[in-house]
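Structure file upload.cif (mmCIF, C-alpha atoms) follows.
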```
data_data
#
loop_
_atom_site.label_atom_id
_atom_site.label_comp_id
_atom_site.auth_asym_id
_atom_site.auth_seq_id
_atom_site.Cartn_x
_atom_site.Cartn_y
_atom_site.Cartn_z
CA MET A 1 166.77 189.65 10.77
CA ARG A 2 168.24 186.46 12.19
CA GLU A 3 167.96 187.92 15.68
CA ALA A 4 164.29 188.73 15.21
CA ILE A 5 163.55 185.28 13.81
CA GLU A 6 165.35 183.58 16.69
CA ASP A 7 163.43 185.74 19.15
CA LEU A 8 160.14 184.65 17.56
CA LEU A 9 161.09 180.97 17.78
CA ALA A 10 162.15 181.33 21.41
CA ALA A 11 159.01 183.26 22.35
CA TYR A 12 156.79 180.59 20.77
CA ALA A 13 158.53 177.86 22.76
CA GLU A 14 158.33 179.84 25.97
CA ALA A 15 154.61 180.53 25.57
CA ILE A 16 153.87 176.81 25.23
CA ASP A 17 156.22 175.86 28.06
CA ASP A 18 154.58 178.45 30.32
CA GLY A 19 151.15 177.02 29.50
CA ALA A 20 150.10 180.37 28.00
CA LEU A 21 148.19 178.64 25.22
CA GLU A 22 146.09 181.71 24.44
CA ARG A 23 149.24 183.31 23.07
CA TRP A 24 149.87 180.44 20.68
CA PRO A 25 147.59 181.55 17.78
CA GLN A 26 149.08 185.04 17.97
CA PHE A 27 152.37 183.79 16.58
CA PHE A 28 150.60 183.08 13.28
CA THR A 29 149.18 185.25 10.54
CA GLU A 30 145.39 185.27 10.33
CA ASP A 31 145.50 182.70 7.51
CA GLY A 32 148.39 180.86 9.15
CA GLU A 33 148.69 177.10 8.89
CA TYR A 34 149.83 174.64 11.51
CA HIS A 35 150.60 171.02 10.62
CA ILE A 36 151.94 168.10 12.59
CA ILE A 37 153.25 165.41 10.30
CA THR A 38 155.64 162.48 10.55
CA ARG A 39 158.97 162.55 8.84
CA GLU A 40 157.92 159.65 6.63
CA SER A 41 154.78 161.40 5.40
CA HIS A 42 156.69 164.61 4.91
CA ALA A 43 159.42 162.86 2.88
CA ALA A 44 156.79 161.06 0.82
CA GLY A 45 155.03 164.34 0.11
CA LEU A 46 151.84 163.08 1.69
CA PRO A 47 149.66 166.00 2.62
CA ILE A 48 147.83 164.22 5.40
CA GLY A 49 149.21 164.89 8.80
CA ILE A 50 148.40 164.14 12.39
CA MET A 51 146.93 167.54 13.11
CA TYR A 52 146.03 170.52 10.99
CA CYS A 53 144.80 174.03 11.68
CA GLY A 54 144.19 176.16 8.59
CA SER A 55 143.76 179.55 10.24
CA ARG A 56 144.37 181.47 13.42
CA HIS A 57 140.68 181.09 14.15
CA MET A 58 140.93 177.28 14.11
CA MET A 59 143.83 177.52 16.54
CA GLU A 60 141.82 179.71 18.89
CA ASP A 61 139.00 177.16 18.75
CA ARG A 62 141.43 174.45 19.61
CA VAL A 63 142.80 176.31 22.62
CA GLN A 64 139.24 177.03 23.76
CA ALA A 65 138.44 173.32 23.55
CA LEU A 66 141.51 172.45 25.56
CA ARG A 67 140.61 174.94 28.25
CA THR A 68 137.01 173.80 28.62
CA ALA A 69 137.16 170.05 27.98
CA ASN A 70 140.31 169.62 29.97
CA ILE A 71 139.94 165.88 30.41
CA TYR A 72 143.56 165.04 29.79
CA GLU A 73 146.15 164.38 32.43
CA PRO A 74 147.86 167.67 33.24
CA HIS A 75 151.35 167.94 31.86
CA ALA A 76 153.82 170.52 30.63
CA TYR A 77 156.38 170.74 27.89
CA ARG A 78 159.91 172.05 27.82
CA HIS A 79 161.37 172.95 24.43
CA LEU A 80 164.97 173.00 23.37
CA ILE A 81 165.58 174.25 19.86
CA GLY A 82 168.65 174.46 17.70
CA ARG A 83 170.11 177.15 15.49
CA PRO A 84 167.69 177.87 12.64
CA THR A 85 168.71 177.61 9.03
CA ILE A 86 167.28 180.66 7.26
CA GLU A 87 166.68 181.23 3.55
CA ARG A 88 165.06 184.34 2.18
CA ASN A 89 162.44 183.86 -0.52
CA ASP A 90 160.61 186.59 -2.35
CA SER A 91 157.92 187.01 0.20
CA ALA A 92 158.96 185.00 3.23
CA PHE A 93 161.77 183.42 5.21
CA ALA A 94 162.04 179.66 4.93
CA VAL A 95 163.32 178.53 8.30
CA ARG A 96 164.25 175.06 9.57
CA THR A 97 164.99 174.38 13.23
CA ASN A 98 165.74 171.17 15.10
CA PHE A 99 163.74 170.67 18.28
CA CYS A 100 163.44 168.37 21.24
CA ILE A 101 160.37 168.56 23.43
CA TYR A 102 160.33 167.05 26.91
CA ARG A 103 157.04 166.25 28.59
CA ILE A 104 156.73 166.59 32.34
CA ALA A 105 153.80 164.72 33.89
CA GLN A 106 152.10 165.90 37.02
CA ASP A 107 153.97 163.35 39.12
CA GLY A 108 157.22 164.78 37.79
CA ASP A 109 158.03 162.01 35.36
CA THR A 110 160.02 163.53 32.48
CA VAL A 111 160.40 161.95 29.05
CA VAL A 112 161.66 162.92 25.62
CA PHE A 113 158.27 163.45 24.06
CA ALA A 114 159.21 164.35 20.51
CA THR A 115 162.21 165.23 18.39
CA GLY A 116 162.08 166.63 14.91
CA GLN A 117 162.32 169.76 12.84
CA TYR A 118 160.17 172.84 12.48
CA ILE A 119 159.79 173.84 8.85
CA ASP A 120 158.45 177.38 8.87
CA GLN A 121 157.39 180.13 6.54
CA ILE A 122 157.89 183.40 8.39
CA VAL A 123 156.58 186.74 7.13
CA GLU A 124 156.38 190.30 8.33
CA ASP A 125 152.83 191.23 9.23
CA SER A 126 152.25 194.88 10.25
CA GLY A 127 155.85 195.19 11.37
CA THR A 128 155.87 191.97 13.38
CA LEU A 129 157.32 188.63 12.37
CA CYS A 130 154.69 185.89 12.21
CA LEU A 131 154.39 182.28 11.15
CA ARG A 132 152.49 181.92 7.91
CA SER A 133 153.08 178.23 8.13
CA ARG A 134 154.59 175.92 10.70
CA ARG A 135 155.08 172.30 9.78
CA VAL A 136 156.10 170.22 12.79
CA VAL A 137 157.93 167.24 11.30
CA LEU A 138 158.19 164.45 13.88
CA ASP A 139 161.10 162.01 13.66
CA SER A 140 159.12 159.18 15.13
CA ARG A 141 156.18 157.43 13.54
CA ARG A 142 155.05 156.42 16.99
CA VAL A 143 152.89 159.32 18.00
CA ASP A 144 151.84 159.52 21.58
CA ILE A 145 148.13 159.58 22.11
CA LEU A 146 148.59 162.43 24.53
CA LEU A 147 149.04 164.99 21.78
CA VAL A 148 147.11 167.77 23.41
CA LEU A 149 149.24 170.87 23.71
CA PRO A 150 150.65 172.55 20.61
CA LEU A 151 154.19 171.51 19.77
CA MET E 152 183.07 184.77 12.00
CA ARG E 153 180.96 183.32 14.84
CA GLU E 154 177.93 183.32 12.54
CA ALA E 155 179.79 181.38 9.85
CA ILE E 156 181.11 178.87 12.37
CA GLU E 157 177.66 178.33 13.85
CA ASP E 158 176.25 177.86 10.34
CA LEU E 159 178.86 175.19 9.64
CA LEU E 160 178.03 173.33 12.85
CA ALA E 161 174.30 173.48 12.13
CA ALA E 162 174.74 172.37 8.52
CA TYR E 163 176.84 169.37 9.62
CA ALA E 164 174.13 168.30 12.08
CA GLU E 165 171.39 168.76 9.51
CA ALA E 166 173.19 166.70 6.88
CA ILE E 167 173.51 163.75 9.26
CA ASP E 168 169.94 164.13 10.53
CA ASP E 169 168.66 164.20 6.96
CA GLY E 170 170.58 161.02 6.18
CA ALA E 171 172.61 162.87 3.53
CA LEU E 172 175.77 160.99 4.49
CA GLU E 173 177.50 161.75 1.20
CA ARG E 174 177.72 165.37 2.35
CA TRP E 175 179.48 164.42 5.57
CA PRO E 176 183.09 164.22 4.24
CA GLN E 177 182.63 167.56 2.51
CA PHE E 178 182.59 169.36 5.85
CA PHE E 179 186.25 168.39 6.30
CA THR E 180 189.49 169.48 4.66
CA GLU E 181 191.08 166.87 2.43
CA ASP E 182 193.46 165.86 5.22
CA GLY E 183 190.73 166.28 7.84
CA GLU E 184 190.59 164.03 10.87
CA TYR E 185 187.55 162.58 12.60
CA HIS E 186 187.82 160.88 15.99
CA ILE E 187 185.28 159.42 18.35
CA ILE E 188 186.71 159.04 21.82
CA THR E 189 185.37 158.69 25.34
CA ARG E 190 185.73 161.47 27.83
CA GLU E 191 187.95 159.29 29.98
CA SER E 192 190.38 158.54 27.17
CA HIS E 193 190.36 162.16 26.12
CA ALA E 194 191.08 163.36 29.66
CA ALA E 195 193.83 160.78 30.05
CA GLY E 196 195.41 161.91 26.79
CA LEU E 197 195.02 158.44 25.30
CA PRO E 198 195.20 158.65 21.55
CA ILE E 199 193.16 155.53 20.91
CA GLY E 200 189.56 156.19 20.20
CA ILE E 201 186.48 154.31 19.17
CA MET E 202 186.62 155.38 15.57
CA TYR E 203 189.13 157.24 13.46
CA CYS E 204 189.22 158.59 9.94
CA GLY E 205 192.46 160.29 8.91
CA SER E 206 191.36 161.89 5.66
CA ARG E 207 188.31 162.89 3.65
CA HIS E 208 188.97 159.87 1.49
CA MET E 209 188.64 157.50 4.45
CA MET E 210 185.34 159.15 5.30
CA GLU E 211 184.08 158.66 1.76
CA ASP E 212 185.05 155.00 1.96
CA ARG E 213 183.17 154.67 5.18
CA VAL E 214 180.01 156.21 3.73
CA GLN E 215 180.32 153.93 0.70
CA ALA E 216 180.55 150.90 2.99
CA LEU E 217 177.47 152.03 4.89
CA ARG E 218 175.51 152.47 1.70
CA THR E 219 176.40 149.08 0.26
CA ALA E 220 176.65 146.80 3.29
CA ASN E 221 173.61 148.28 4.93
CA ILE E 222 173.03 145.40 7.28
CA TYR E 223 172.25 147.52 10.31
CA GLU E 224 168.80 148.30 11.57
CA PRO E 225 167.65 151.54 9.94
CA HIS E 226 167.64 154.50 12.28
CA ALA E 227 168.06 158.25 12.24
CA TYR E 228 169.67 160.84 14.47
CA ARG E 229 168.52 164.21 15.66
CA HIS E 230 171.19 166.61 16.91
CA LEU E 231 170.82 169.42 19.38
CA ILE E 232 173.93 171.49 19.89
CA GLY E 233 174.80 174.29 22.26
CA ARG E 234 176.52 177.61 21.82
CA PRO E 235 180.10 177.05 20.70
CA THR E 236 183.06 178.42 22.60
CA ILE E 237 185.44 179.87 20.03
CA GLU E 238 189.12 180.70 20.36
CA ARG E 239 191.24 181.95 17.51
CA ASN E 240 194.67 180.40 17.09
CA ASP E 241 197.26 181.37 14.51
CA SER E 242 195.92 179.18 11.80
CA ALA E 243 192.59 177.85 13.00
CA PHE E 244 189.61 178.33 15.27
CA ALA E 245 189.47 176.04 18.27
CA VAL E 246 185.80 175.43 18.87
CA ARG E 247 184.02 173.45 21.60
CA THR E 248 180.31 172.67 21.43
CA ASN E 249 178.06 170.61 23.68
CA PHE E 250 175.83 168.14 21.88
CA CYS E 251 173.02 165.71 22.50
CA ILE E 252 172.14 163.18 19.83
CA TYR E 253 168.83 161.34 19.87
CA ARG E 254 168.44 158.11 17.95
CA ILE E 255 165.11 157.26 16.39
CA ALA E 256 164.63 153.59 15.51
CA GLN E 257 162.45 152.48 12.66
CA ASP E 258 159.63 151.58 15.03
CA GLY E 259 159.76 155.13 16.33
CA ASP E 260 161.48 154.42 19.62
CA THR E 261 163.52 157.50 20.59
CA VAL E 262 166.44 157.49 23.01
CA VAL E 263 169.22 159.78 24.10
CA PHE E 264 171.97 158.11 22.12
CA ALA E 265 174.96 160.19 23.11
CA THR E 266 175.88 163.39 24.92
CA GLY E 267 179.25 165.03 24.86
CA GLN E 268 181.32 167.77 23.34
CA TYR E 269 182.68 168.41 19.87
CA ILE E 270 186.26 169.65 20.00
CA ASP E 271 186.99 171.08 16.59
CA GLN E 272 189.75 172.75 14.63
CA ILE E 273 188.10 174.87 11.96
CA VAL E 274 190.00 176.47 9.08
CA GLU E 275 189.23 178.47 6.00
CA ASP E 276 189.79 176.39 2.87
CA SER E 277 189.33 178.20 -0.47
CA GLY E 278 186.96 180.68 1.14
CA THR E 279 184.86 178.07 2.93
CA LEU E 280 185.00 177.06 6.57
CA CYS E 281 185.94 173.39 7.04
CA LEU E 282 186.75 171.01 9.83
CA ARG E 283 190.44 170.18 9.91
CA SER E 284 189.74 168.05 12.92
CA ARG E 285 186.62 166.97 14.76
CA ARG E 286 187.03 165.09 18.00
CA VAL E 287 183.71 163.73 19.26
CA VAL E 288 184.18 163.33 23.00
CA LEU E 289 181.49 161.06 24.43
CA ASP E 290 180.42 161.51 28.03
CA SER E 291 179.61 157.87 28.47
CA ARG E 292 182.04 155.00 28.46
CA ARG E 293 179.18 152.73 27.48
CA VAL E 294 179.26 152.93 23.72
CA ASP E 295 176.34 151.50 21.89
CA ILE E 296 177.20 148.79 19.43
CA LEU E 297 175.01 150.51 16.88
CA LEU E 298 177.59 153.17 16.10
CA VAL E 299 177.03 153.33 12.38
CA LEU E 300 176.18 156.84 11.30
CA PRO E 301 178.66 159.66 11.87
CA LEU E 302 178.05 161.65 15.03
CA MET Z 303 175.44 192.66 25.13
CA ARG Z 304 173.52 189.57 24.06
CA GLU Z 305 176.76 187.96 22.92
CA ALA Z 306 178.43 188.58 26.28
CA ILE Z 307 175.42 187.23 28.17
CA GLU Z 308 175.30 184.10 26.03
CA ASP Z 309 179.03 183.60 26.58
CA LEU Z 310 178.51 183.80 30.33
CA LEU Z 311 175.72 181.23 30.23
CA ALA Z 312 177.78 178.87 28.07
CA ALA Z 313 180.88 179.25 30.25
CA TYR Z 314 178.86 178.45 33.38
CA ALA Z 315 177.52 175.28 31.79
CA GLU Z 316 180.93 174.24 30.56
CA ALA Z 317 182.56 174.73 33.97
CA ILE Z 318 180.01 172.40 35.60
CA ASP Z 319 180.20 169.86 32.79
CA ASP Z 320 183.99 169.84 33.04
CA GLY Z 321 183.75 169.22 36.78
CA ALA Z 322 185.57 172.50 37.44
CA LEU Z 323 183.39 173.24 40.45
CA GLU Z 324 185.84 175.73 41.94
CA ARG Z 325 184.96 178.07 39.08
CA TRP Z 326 181.26 177.91 39.86
CA PRO Z 327 181.13 180.62 42.61
CA GLN Z 328 183.14 182.95 40.39
CA PHE Z 329 180.20 183.36 38.04
CA PHE Z 330 178.35 185.18 40.83
CA THR Z 331 178.73 188.55 42.48
CA GLU Z 332 180.02 188.43 46.05
CA ASP Z 333 176.46 188.78 47.38
CA GLY Z 334 175.10 186.55 44.65
CA GLU Z 335 172.18 184.24 45.28
CA TYR Z 336 171.63 180.73 43.99
CA HIS Z 337 168.26 178.99 44.37
CA ILE Z 338 166.92 175.68 43.20
CA ILE Z 339 163.15 175.65 43.29
CA THR Z 340 160.36 173.66 41.68
CA ARG Z 341 158.13 175.22 39.09
CA GLU Z 342 155.15 174.81 41.38
CA SER Z 343 156.78 176.66 44.26
CA HIS Z 344 158.04 179.33 41.91
CA ALA Z 345 154.58 179.85 40.39
CA ALA Z 346 153.01 179.96 43.85
CA GLY Z 347 155.54 182.56 44.96
CA LEU Z 348 156.80 180.30 47.72
CA PRO Z 349 160.23 181.41 48.80
CA ILE Z 350 161.33 178.02 50.06
CA GLY Z 351 163.37 176.07 47.60
CA ILE Z 352 165.34 172.89 47.44
CA MET Z 353 168.67 174.54 47.81
CA TYR Z 354 169.83 178.05 48.62
CA CYS Z 355 173.15 179.82 48.74
CA GLY Z 356 173.03 183.47 49.76
CA SER Z 357 176.58 184.51 48.89
CA ARG Z 358 179.62 183.51 46.92
CA HIS Z 359 181.16 182.45 50.20
CA MET Z 360 178.38 179.95 50.84
CA MET Z 361 178.93 178.54 47.37
CA GLU Z 362 182.64 178.13 48.03
CA ASP Z 363 181.83 176.29 51.26
CA ARG Z 364 179.54 174.00 49.36
CA VAL Z 365 182.16 173.17 46.76
CA GLN Z 366 184.68 172.55 49.55
CA ALA Z 367 182.24 170.15 51.20
CA LEU Z 368 181.71 168.30 47.94
CA ARG Z 369 185.43 167.95 47.40
CA THR Z 370 186.18 166.64 50.88
CA ALA Z 371 183.12 164.60 51.78
CA ASN Z 372 182.85 163.09 48.35
CA ILE Z 373 180.66 160.19 49.41
CA TYR Z 374 178.32 160.37 46.45
CA GLU Z 375 178.50 158.16 43.41
CA PRO Z 376 180.67 159.90 40.82
CA HIS Z 377 178.74 161.36 37.94
CA ALA Z 378 178.89 164.19 35.45
CA TYR Z 379 176.42 166.55 33.84
CA ARG Z 380 176.00 167.75 30.30
CA HIS Z 381 174.03 170.95 29.78
CA LEU Z 382 172.08 172.03 26.75
CA ILE Z 383 170.59 175.49 26.97
CA GLY Z 384 168.28 177.45 24.73
CA ARG Z 385 168.31 180.99 23.45
CA PRO Z 386 167.97 183.39 26.38
CA THR Z 387 165.21 185.95 26.59
CA ILE Z 388 166.81 189.20 27.77
CA GLU Z 389 165.17 192.26 29.29
CA ARG Z 390 167.11 195.24 30.51
CA ASN Z 391 166.11 196.71 33.85
CA ASP Z 392 167.62 199.76 35.50
CA SER Z 393 170.45 197.95 37.12
CA ALA Z 394 170.48 194.46 35.69
CA PHE Z 395 169.53 192.16 32.85
CA ALA Z 396 166.63 189.86 33.53
CA VAL Z 397 167.41 186.71 31.58
CA ARG Z 398 165.41 183.51 31.14
CA THR Z 399 166.89 180.42 29.50
CA ASN Z 400 165.49 176.93 28.97
CA PHE Z 401 167.80 174.12 29.98
CA CYS Z 402 168.10 170.37 29.88
CA ILE Z 403 170.71 168.65 32.01
CA TYR Z 404 171.77 165.07 31.34
CA ARG Z 405 173.45 163.05 34.05
CA ILE Z 406 176.08 160.50 33.14
CA ALA Z 407 176.79 157.89 35.81
CA GLN Z 408 180.17 156.25 36.16
CA ASP Z 409 178.95 153.13 34.38
CA GLY Z 410 177.94 155.32 31.45
CA ASP Z 411 174.22 155.30 32.06
CA THR Z 412 172.80 158.60 30.74
CA VAL Z 413 169.46 160.08 31.78
CA VAL Z 414 167.59 163.35 31.44
CA PHE Z 415 168.28 164.60 34.94
CA ALA Z 416 166.41 167.88 34.92
CA THR Z 417 164.62 170.25 32.59
CA GLY Z 418 163.54 173.74 33.44
CA GLN Z 419 164.38 177.39 33.16
CA TYR Z 420 167.13 179.56 34.55
CA ILE Z 421 165.78 182.88 35.76
CA ASP Z 422 168.76 185.15 36.19
CA GLN Z 423 169.67 188.64 37.24
CA ILE Z 424 172.91 189.53 35.49
CA VAL Z 425 174.97 192.60 36.32
CA GLU Z 426 178.25 194.11 35.32
CA ASP Z 427 180.79 193.83 38.13
CA SER Z 428 184.17 195.50 37.54
CA GLY Z 429 183.75 195.14 33.80
CA THR Z 430 182.69 191.49 33.90
CA LEU Z 431 179.19 190.08 33.63
CA CYS Z 432 178.16 188.15 36.73
CA LEU Z 433 175.09 186.48 38.14
CA ARG Z 434 173.58 188.49 40.96
CA SER Z 435 170.91 185.87 41.19
CA ARG Z 436 170.28 182.54 39.53
CA ARG Z 437 167.01 180.81 40.19
CA VAL Z 438 166.99 177.28 38.79
CA VAL Z 439 163.30 176.49 38.24
CA LEU Z 440 162.82 172.74 37.85
CA ASP Z 441 159.91 171.46 35.77
CA SER Z 442 159.54 168.34 37.82
CA ARG Z 443 158.44 168.10 41.42
CA ARG Z 444 160.25 164.82 41.64
CA VAL Z 445 163.70 165.85 42.68
CA ASP Z 446 166.39 163.28 42.52
CA ILE Z 447 168.14 162.62 45.79
CA LEU Z 448 171.44 162.83 43.97
CA LEU Z 449 171.40 166.60 43.80
CA VAL Z 450 175.06 167.15 44.46
CA LEU Z 451 176.62 169.17 41.70
CA PRO Z 452 175.39 172.68 40.96
CA LEU Z 453 172.82 172.87 38.17
#
```
So that I can check it, write out the structure of this file as structure tokens.
Amino acid sequence: MREAIEDLLAAYAEAIDDGALERWPQFFTEDGEYHIITRESHAAGLPIGIMYCGSRHMMEDRVQALRTANIYEPHAYRHLIGRPTIERNDSAFAVRTNFCIYRIAQDGDTVVFATGQYIDQIVEDSGTLCLRSRRVVLDSRRVDILLVLPL
Amino acid sequence: MREAIEDLLAAYAEAIDDGALERWPQFFTEDGEYHIITRESHAAGLPIGIMYCGSRHMMEDRVQALRTANIYEPHAYRHLIGRPTIERNDSAFAVRTNFCIYRIAQDGDTVVFATGQYIDQIVEDSGTLCLRSRRVVLDSRRVDILLVLPL
Amino acid sequence: MREAIEDLLAAYAEAIDDGALERWPQFFTEDGEYHIITRESHAAGLPIGIMYCGSRHMMEDRVQALRTANIYEPHAYRHLIGRPTIERNDSAFAVRTNFCIYRIAQDGDTVVFATGQYIDQIVEDSGTLCLRSRRVVLDSRRVDILLVLPL
């Protein structure tokens, strides 16, 4: 099962890095949740994050908005992720994975955009592994305004 | 055995990144050694490093000092580590692993703090894998003065 | 087979990071190809890259030139690579792997030198896995002039 979970995590990263944003909601269950939250808020148990999508439908809306509004400076991400820690619960796998995301601007400028940890609930949905919940916990409280693409 | 070794390496990184420093000595055998050394010194076979702990007890002392003195600017690390190269010796596993450690300051500023390679001797101690020796070989000769947390 | 492929990728990275450039051509088949190309050119299907070696012999020549000319500022790399995506074709494995390469200058200055994706064709050659083709796709169009060591 570890292999399948690692494949899911790698495929998610590759879809974002390739700019294939339409594939992003498909990594989630229909009622899947996606949070971005700072480490401080997460540690304090504060539910309010920087971004929240409460269903696959909300994610699709978000991608649609990105594709049509498109007023941000073009840029791409490159993900590097660590070895996930996996714990099996009754109904899901609780998975934690370190990440570093680099952002490449159109002029080629490359910066460490975000480091942190994915805290995921992964379930089997019609024979496929999906995210029921992905909490993107950012190490830094300084969140770049250019938070456009999914992390 | 590779799985268990990779789990150990990931758990070590996560403990530091979570700030759970009290868990750090527990990854070592009682007579475990912890070195930080530059690549140049390592290549030249120079035994003198930047930091040295010669037993689990010394590590515990060091954590205690960090917790009480606590005069450094608060910061956190985030580790990303590569695939380990593993060779079995008579009594231990010789393991080499690339790493990159990001440092996140309290104001959120994130920098590449250190890159290098862990050179480890890993043994089984009462059924658990432990570090008998971890040599943290830093690529850079320019060592930041803020070398407080374990790497 | 995944294990063997991941070992190959890790050994390649370690050879470069250790400065053991003479080992670099040996990761390729005799007619192996090595390209460096920007993401834009790759996406546009443009065959012209930043660097090209069309055989192991050309790679050996290049290493020889590096060793003798040696007029560049000394520096080292440190690779971190992600989990490869592996697809089996008739005659080869098509493998894609995210990478980040740090460059450490002699004075210790460390920068993110390049991020991107390796796109590889890996084959079995006399019982050993080898690169028949490695395409190093760089995220950034801004290519550092100090492109000396293999990526």
Handout entry: Contacts of segment 276-283 of chain E within 10 Å, all atoms listed in the file, excl. fewer than 5 positions in-chain, as a ChimeraX atom specification
Key = /E:152,155-156,158-160,176-185,206-207,243-244,271
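Nearest-residue note for Gln268 of chain E: choosing from Z:Glu362, Z:Asp392, Z:Glu342, Z:Glu316, the minimum distance belongs to Z:Glu316, counting only C-alpha atoms.
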Could the residues of chain Z within 9 Å of chain A, counting only C-alpha atoms, be given as a short mmCIF file (atom, residue, chain, number, x, y, z; two decimals) with C-alpha atoms, keeping the file's coordinate frame, please?
```
data_model
loop_
_atom_site.label_atom_id
_atom_site.label_comp_id
_atom_site.auth_asym_id
_atom_site.auth_seq_id
_atom_site.Cartn_x
_atom_site.Cartn_y
_atom_site.Cartn_z
CA LEU Z 382 172.08 172.03 26.75
CA ILE Z 383 170.59 175.49 26.97
CA GLY Z 384 168.28 177.45 24.73
CA ARG Z 385 168.31 180.99 23.45
CA PRO Z 386 167.97 183.39 26.38
CA THR Z 387 165.21 185.95 26.59
CA ASN Z 400 165.49 176.93 28.97
CA PHE Z 401 167.80 174.12 29.98
CA CYS Z 402 168.10 170.37 29.88
CA VAL Z 414 167.59 163.35 31.44
CA PHE Z 415 168.28 164.60 34.94
CA ALA Z 416 166.41 167.88 34.92
CA THR Z 417 164.62 170.25 32.59
CA GLY Z 418 163.54 173.74 33.44
CA GLN Z 419 164.38 177.39 33.16
CA ASP Z 441 159.91 171.46 35.77
CA SER Z 442 159.54 168.34 37.82
CA ARG Z 443 158.44 168.10 41.42
CA ARG Z 444 160.25 164.82 41.64
CA VAL Z 445 163.70 165.85 42.68
#
```
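Checking A:Ile16, A:Glu22, A:Met59, A:Leu66 one by one against Val148 of chain A, counting only C-alpha atoms, you find the shortest gap at A:Leu66.
Atom CA of His208 of chain E sits 25.8 Å away from atom CA of Ser192 of chain E.
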Practice task
Could you state which residues are captured by the PyMOL selection byres ((chain Z and resi 352) around 6) in this file, as a ChimeraX atom specification?
Solution key: /Z:338-339,351,353
Quick one: what's the axis-aligned box for segment 270-281 of chain E, all listed atoms, 5 Å on every side, centre and edges in Å to one decimal, as AutoDock Vina command-line options?
```
--center_x 187.4 --center_y 175.2 --center_z 9.8 --size_x 15.1 --size_y 21.0 --size_z 30.5
```
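With atom CA of Ile86 of chain A on one side and atom CA of Gly45 of chain A on the other, the separation reads 21.6 Å.
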Exercise for the section: Mind giving me the straight-line distance from atom CA of Thr38 of chain A to atom CA of Val137 of chain A in Å, one decimal? Expected result: 5.3 Å
Problem - Residue neighbourhood Pro301 of chain E, 9 Å, only C-alpha atoms, exclusion window fewer than 4 positions, as an MDAnalysis selection string - result: chainID E and resid 167 172 175 214
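Comparing the minimum interatomic distances between Gly170 of chain E and each of E:Gln272, E:Arg285, E:Leu300, E:Glu224, counting all atoms listed in the file, we find that E:Leu300 sits nearest.
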